[in-house]
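**Student:** What follows is structure-v7.cif, mmCIF, C-alpha atoms and all ligand atoms.
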data_coords
#
loop_
_atom_site.group_PDB
_atom_site.id
_atom_site.type_symbol
_atom_site.label_atom_id
_atom_site.label_comp_id
_atom_site.auth_asym_id
_atom_site.auth_seq_id
_atom_site.Cartn_x
_atom_site.Cartn_y
_atom_site.Cartn_z
ATOM 1 C CA MET K 23 21.848 4.327 10.797
ATOM 2 C CA GLN K 24 24.938 4.099 8.703
ATOM 3 C CA ALA K 25 25.157 6.425 5.749
ATOM 4 C CA HIS K 26 25.589 4.259 2.749
ATOM 5 C CA SER K 27 25.217 4.833 -0.949
ATOM 6 C CA THR K 28 24.915 2.110 -3.489
ATOM 7 C CA ALA K 29 24.011 1.998 -7.132
ATOM 8 C CA ASP K 30 21.000 -0.144 -7.765
ATOM 9 C CA GLU K 31 21.779 -2.090 -10.902
ATOM 10 C CA GLU K 32 18.838 -4.434 -10.669
ATOM 11 C CA THR K 33 16.677 -4.488 -13.736
ATOM 12 C CA LYS K 34 13.048 -5.339 -13.423
ATOM 13 C CA GLY K 35 12.880 -7.623 -16.402
ATOM 14 C CA LEU K 36 9.151 -7.026 -16.600
ATOM 15 C CA LEU K 37 7.039 -5.842 -19.451
ATOM 16 C CA GLU K 38 4.146 -3.510 -18.778
ATOM 17 C CA PHE K 39 0.928 -4.108 -20.685
ATOM 18 C CA TYR K 40 -1.163 -1.092 -21.467
ATOM 19 C CA PRO K 41 -4.619 -1.584 -22.956
ATOM 20 C CA ASN K 42 -4.827 -1.023 -26.688
ATOM 21 C CA HIS K 43 -6.285 2.319 -27.568
ATOM 22 C CA PRO K 44 -5.884 4.647 -30.523
ATOM 23 C CA PRO K 45 -3.708 7.663 -29.744
ATOM 24 C CA ARG K 46 -5.728 10.214 -27.815
ATOM 25 C CA LYS K 47 -5.634 13.924 -27.958
ATOM 26 C CA ASP K 48 -5.860 15.843 -24.720
ATOM 27 C CA THR K 49 -9.476 16.291 -23.711
ATOM 28 C CA PRO K 50 -11.166 19.637 -22.942
ATOM 29 C CA GLU K 51 -11.387 18.434 -19.327
ATOM 30 C CA TYR K 52 -7.633 17.928 -19.224
ATOM 31 C CA HIS K 53 -6.942 21.383 -20.654
ATOM 32 C CA ALA K 54 -9.308 22.987 -18.121
ATOM 33 C CA THR K 55 -7.649 21.124 -15.241
ATOM 34 C CA HIS K 56 -4.153 22.038 -16.431
ATOM 35 C CA LYS K 57 -5.057 25.728 -16.734
ATOM 36 C CA LEU K 58 -6.776 25.786 -13.339
ATOM 37 C CA LEU K 59 -3.894 24.169 -11.446
ATOM 38 C CA THR K 60 -0.873 25.756 -13.118
ATOM 39 C CA HIS K 61 -2.175 29.170 -14.191
ATOM 40 C CA THR K 62 -5.186 30.174 -12.099
ATOM 41 C CA LEU K 63 -4.089 28.576 -8.816
ATOM 42 C CA ASP K 64 -0.331 28.843 -9.546
ATOM 43 C CA GLN K 65 0.202 25.553 -7.720
ATOM 44 C CA PRO K 66 3.816 24.494 -7.051
ATOM 45 C CA CYS K 67 5.620 21.479 -8.426
ATOM 46 C CA ARG K 68 5.013 18.880 -5.729
ATOM 47 C CA ASP K 69 8.646 17.800 -5.792
ATOM 48 C CA CYS K 70 10.714 21.000 -6.033
ATOM 49 C CA GLY K 71 8.231 23.765 -5.267
ATOM 50 C CA VAL K 72 8.694 25.931 -8.343
ATOM 51 C CA ARG K 73 5.548 27.615 -9.671
ATOM 52 C CA LEU K 74 4.630 29.231 -12.949
ATOM 53 C CA SER K 75 5.112 32.586 -11.215
ATOM 54 C CA THR K 76 8.624 31.669 -9.971
ATOM 55 C CA LEU K 77 10.096 29.825 -12.997
ATOM 56 C CA ALA K 78 12.215 32.857 -13.859
ATOM 57 C CA ASP K 79 13.662 33.130 -10.328
ATOM 58 C CA PRO K 80 16.702 30.779 -9.984
ATOM 59 C CA SER K 81 16.476 30.925 -6.176
ATOM 60 C CA GLN K 82 13.046 29.294 -6.374
ATOM 61 C CA ASN K 83 13.719 27.003 -9.330
ATOM 62 C CA PRO K 84 16.339 24.497 -8.069
ATOM 63 C CA HIS K 85 16.394 22.288 -11.163
ATOM 64 C CA ALA K 86 16.189 24.998 -13.833
ATOM 65 C CA ALA K 87 12.736 23.905 -14.918
ATOM 66 C CA LYS K 88 11.388 25.517 -18.064
ATOM 67 C CA GLN K 89 7.666 24.985 -17.664
ATOM 68 C CA MET K 90 4.915 23.703 -15.429
ATOM 69 C CA GLU K 91 3.215 20.455 -16.389
ATOM 70 C CA THR K 92 0.478 18.209 -15.066
ATOM 71 C CA HIS K 93 0.715 14.471 -14.554
ATOM 72 C CA HIS K 94 -2.189 12.052 -14.262
ATOM 73 C CA TRP K 95 -1.848 10.659 -10.726
ATOM 74 C CA PRO K 96 -2.575 8.292 -9.122
ATOM 75 C CA LEU K 97 -4.348 6.817 -12.149
ATOM 76 C CA GLN K 98 -2.497 6.930 -15.455
ATOM 77 C CA ARG K 99 -4.716 7.774 -18.349
ATOM 78 C CA GLU K 100 -3.133 5.025 -20.454
ATOM 79 C CA PHE K 101 -4.665 2.493 -18.081
ATOM 80 C CA ALA K 102 -8.171 4.004 -18.084
ATOM 81 C CA ASP K 103 -9.658 1.313 -20.299
ATOM 82 C CA ALA K 104 -8.201 -1.422 -18.080
ATOM 83 C CA LEU K 105 -9.593 -0.036 -14.825
ATOM 84 C CA ASP K 106 -12.748 -1.380 -13.184
ATOM 85 C CA PRO K 107 -14.991 1.611 -12.314
ATOM 86 C CA ILE K 108 -16.489 -0.256 -9.341
ATOM 87 C CA LYS K 109 -13.051 -0.828 -7.827
ATOM 88 C CA VAL K 110 -11.977 2.770 -8.483
ATOM 89 C CA GLY K 111 -15.260 4.014 -6.953
ATOM 90 C CA LYS K 112 -14.435 2.356 -3.630
ATOM 91 C CA GLU K 113 -11.566 4.820 -3.181
ATOM 92 C CA TYR K 114 -12.928 7.664 -5.289
ATOM 93 C CA PRO K 115 -16.715 7.830 -4.769
ATOM 94 C CA LYS K 116 -17.181 10.245 -7.680
ATOM 95 C CA VAL K 117 -16.503 7.298 -9.969
ATOM 96 C CA THR K 118 -19.613 5.172 -10.485
ATOM 97 C CA ASP K 119 -19.335 3.993 -14.085
ATOM 98 C CA ARG K 120 -17.124 4.149 -17.198
ATOM 99 C CA LYS K 121 -18.202 7.702 -18.062
ATOM 100 C CA SER K 122 -17.521 9.148 -14.610
ATOM 101 C CA LEU K 123 -14.218 7.249 -14.533
ATOM 102 C CA ASN K 124 -13.130 8.928 -17.760
ATOM 103 C CA MET K 125 -14.123 12.331 -16.335
ATOM 104 C CA PHE K 126 -12.265 11.602 -13.089
ATOM 105 C CA ILE K 127 -9.077 10.682 -14.947
ATOM 106 C CA ASP K 128 -8.702 14.237 -16.286
ATOM 107 C CA SER K 129 -10.018 16.047 -13.198
ATOM 108 C CA PRO K 130 -7.992 17.976 -10.582
ATOM 109 C CA ASP K 131 -8.572 15.061 -8.179
ATOM 110 C CA ASN K 132 -6.369 12.886 -10.407
ATOM 111 C CA MET K 133 -3.773 15.450 -11.431
ATOM 112 C CA LEU K 134 -0.384 16.309 -9.989
ATOM 113 C CA VAL K 135 1.441 19.545 -10.760
ATOM 114 C CA LEU K 136 5.097 18.939 -11.614
ATOM 115 C CA CYS K 137 7.762 20.969 -13.360
ATOM 116 C CA ASP K 138 9.085 19.516 -16.620
ATOM 117 C CA VAL K 139 12.213 18.212 -14.835
ATOM 118 C CA ASP K 140 10.291 16.352 -12.127
ATOM 119 C CA HIS K 141 7.851 15.123 -14.745
ATOM 120 C CA ARG K 142 10.005 13.903 -17.643
ATOM 121 C CA SER K 143 13.768 14.135 -17.028
ATOM 122 C CA PRO K 144 15.613 10.776 -17.103
ATOM 123 C CA THR K 145 17.080 11.235 -13.625
ATOM 124 C CA ARG K 146 14.189 12.869 -11.704
ATOM 125 C CA GLY K 147 11.086 12.451 -13.828
ATOM 126 C CA ILE K 148 8.138 10.571 -12.376
ATOM 127 C CA HIS K 149 7.871 8.800 -15.735
ATOM 128 C CA HIS K 150 11.366 7.321 -15.358
ATOM 129 C CA ILE K 151 12.147 6.636 -11.704
ATOM 130 C CA ASN K 152 10.438 3.953 -9.691
ATOM 131 C CA GLU K 153 7.740 4.615 -7.128
ATOM 132 C CA SER K 154 9.942 4.230 -4.057
ATOM 133 C CA LEU K 155 12.460 6.746 -5.426
ATOM 134 C CA GLU K 156 9.619 9.073 -6.340
ATOM 135 C CA ALA K 157 8.247 8.896 -2.798
ATOM 136 C CA CYS K 158 11.581 10.061 -1.295
ATOM 137 C CA LYS K 159 12.635 12.489 -4.019
ATOM 138 C CA ARG K 160 11.067 15.645 -2.670
ATOM 139 C CA PHE K 161 12.502 15.116 0.820
ATOM 140 C CA LEU K 162 16.145 14.616 -0.197
ATOM 141 C CA ILE K 163 19.010 16.718 1.171
ATOM 142 C CA ASP K 164 19.814 19.506 -1.301
ATOM 143 C CA GLY K 165 22.373 18.265 -3.820
ATOM 144 C CA TYR K 166 21.801 14.528 -3.279
ATOM 145 C CA ILE K 167 21.954 12.781 -6.651
ATOM 146 C CA LEU K 168 19.136 10.291 -6.972
ATOM 147 C CA ALA K 169 19.968 8.660 -10.297
ATOM 148 C CA ASP K 170 22.318 9.217 -13.176
ATOM 149 C CA ILE K 171 23.933 7.497 -16.133
ATOM 150 C CA ALA K 172 26.527 4.819 -15.341
ATOM 151 C CA LYS K 173 29.605 6.810 -16.388
ATOM 152 C CA ASN K 174 28.926 9.362 -13.631
ATOM 153 C CA GLN K 175 28.469 6.733 -10.931
ATOM 154 C CA VAL K 176 31.781 7.150 -9.058
ATOM 155 C CA ALA K 177 31.539 10.932 -8.881
ATOM 156 C CA ASP K 178 27.853 10.840 -7.946
ATOM 157 C CA LEU K 179 28.354 8.303 -5.174
ATOM 158 C CA ALA K 180 31.193 10.422 -3.732
ATOM 159 C CA ILE K 181 28.877 13.423 -3.600
ATOM 160 C CA ASP K 182 26.115 11.407 -1.965
ATOM 161 C CA GLU K 183 28.523 9.865 0.567
ATOM 162 C CA ALA K 184 29.813 13.310 1.495
ATOM 163 C CA LEU K 185 26.292 14.632 1.953
ATOM 164 C CA THR K 186 25.232 11.739 4.169
ATOM 165 C CA SER K 187 28.473 10.904 6.012
ATOM 166 C CA GLN K 188 27.637 13.096 8.996
ATOM 167 C CA GLU K 189 24.661 10.863 9.658
ATOM 168 C CA ILE K 190 26.930 7.933 10.642
ATOM 169 C CA ASP K 191 26.595 6.911 14.282
ATOM 170 C CA GLN K 192 23.764 9.304 14.989
ATOM 171 C CA ILE K 193 21.437 6.423 15.734
HETATM 172 ZN ZN ZN E 1 9.920 20.283 -9.908
#
Let's see the structure in the file written out as structure tokens.

**Tutor:**
Amino acid sequence: MQAHSTADEETKGLLEFYPNHPPRKDTPEYHATHKLLTHTLDQPCRDCGVRLSTLADPSQNPHAAKQMETHHWPLQREFADALDPIKVGKEYPKVTDRKSLNMFIDSPDNMLVLCDVDHRSPTRGIHHINESLEACKRFLIDGYILADIAKNQVADLAIDEALTSQEIDQI
């Protein structure tokens, strides 16, 4: 495989349609799940490994995260009203109807622990990068720059080329 870095300038040109719903407040189920995963179980950020108990330790907090957060995954809460409970139940048997779907959405089975950087930052946040980047993010070589604003492109690509250049001709 040849090491090769390119900037992907393609724009999707698609609009995403979320079902109409009045703004929701976090449910008691969500708060209980968040507390269980981040406080009681001290679970790590899936992508960088930092935990609530290690946020203050720079050696275990590679992206200088400030807090632990929880992300609805794989099913976004915003889509709950547009999901068919029967279809969801085929993969998640706990879901049998609209009520159990709404409970599932906020449960630990549909929640991912992420640090604030891997959750919301423009260049690493699961809310901003596409699914294929998200899938690779946590396995990247330390220092590899996944995404950035256009004015940093030349410098970023040089860093990424340097990090991956030793891979040339290995396959
Ligand atoms: Zn993280």

**Student:** Could you pull out the residues sitting within 8 Å of ligand ZN 1 (chain E), using only C-alpha atoms and all ligand atoms, and write them as a list in words?

**Tutor:** Pro66, Cys67, Arg68, Asp69, Cys70, Gly71, Val72, Asn83, Pro84, His85, Ala87, Leu136, Cys137, Asp138, Val139, Asp140 and His141 of chain K

**Student:** With all atoms listed in the file as the basis for distance, which of K:Asp178, K:Glu51, K:Asp131, K:Asp64 is at the shortest distance from K:Leu97?

**Tutor:** K:Asp131

**Student:** Provide an axis-aligned box for all listed atoms of stretch 147-151 of chain K, padding each side by 3 Å; report its centre and its edge lengths in Å to one decimal, as JSON.

**Tutor:**
{"center_x": 10.0, "center_y": 9.5, "center_z": -13.7, "size_x": 10.3, "size_y": 11.8, "size_z": 10.0}

**Student:** Starting from the shown file, work through the PyMOL selection byres (((chain K and resi 160-167) around 6) and not hetatm) and note down what comes out as a list of chain:residue names.

**Tutor:**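 For this structure, the PyMOL selection byres (((chain K and resi 160-167) around 6) and not hetatm) captures K:Asp69, K:Cys158, K:Lys159, K:Leu168, K:Ala169, K:Asp182.
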
**Student:** For each of K:Thr55, K:Thr145, K:Ser154, K:Thr186, take the minimum atom-to-atom distance to K:Ala172, counting only C-alpha atoms, then give the residue where this is smallest.

**Tutor:**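 Result for the nearest residue to K:Ala172: K:Thr145.
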
**Student:** What gap, in Å, lies between atom CA of K:Asp119 and atom CA of K:Pro107?

**Tutor:** 5.3 Å

**Student:** Between atom CA of K:His149 and atom CA of K:Ile171, what is the spacing in Å?

**Tutor:**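 Spanning atom CA of K:Ile171 to atom CA of K:His149 is a straight-line distance of 16.1 Å.
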
**Student:** Return as a list of chain:residue names the set of residues that the PyMOL selection byres (((chain K and resi 48) around 12) and not hetatm) yields on the displayed structure.

**Tutor:**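 Selected by the PyMOL selection byres (((chain K and resi 48) around 12) and not hetatm) in this file: K:Pro45, K:Arg46, K:Lys47, K:Thr49, K:Pro50, K:Glu51, K:Tyr52, K:His53, K:Ala54, K:Thr55, K:His56, K:Thr92, K:His94, K:Arg99, K:Glu100, K:Ile127, K:Asp128.
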
**Student:** Apply the PyMOL selection byres (((chain K and resi 134) around 6) and not hetatm) to the structure shown and report the selected residues as a VMD selection string.

**Tutor:** chain K and resid 92 to 93 95 133 135

**Student:** Calculate how many Å separate atom CA of K:Gln89 from atom CA of K:Pro144, rounding to one decimal.

**Tutor:**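 Result for atom CA of K:Gln89 versus atom CA of K:Pro144: 16.3 Å, one decimal.
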
**Student:** In terms of the shortest atom-to-atom distance over all atoms listed in the file, which of K:Lys121, K:Val176, K:Leu185, K:Pro130 is closest to K:Gln65?

**Tutor:**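 For K:Gln65, the nearest of the candidates is K:Pro130.
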
**Student:** Calculated over only C-alpha atoms, which of the candidates K:Ala157, K:Met90, K:Leu123, K:Ala78 has the smallest distance to K:Ile108?

**Tutor:**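 Distance minimum relative to K:Ile108 lands on K:Leu123.
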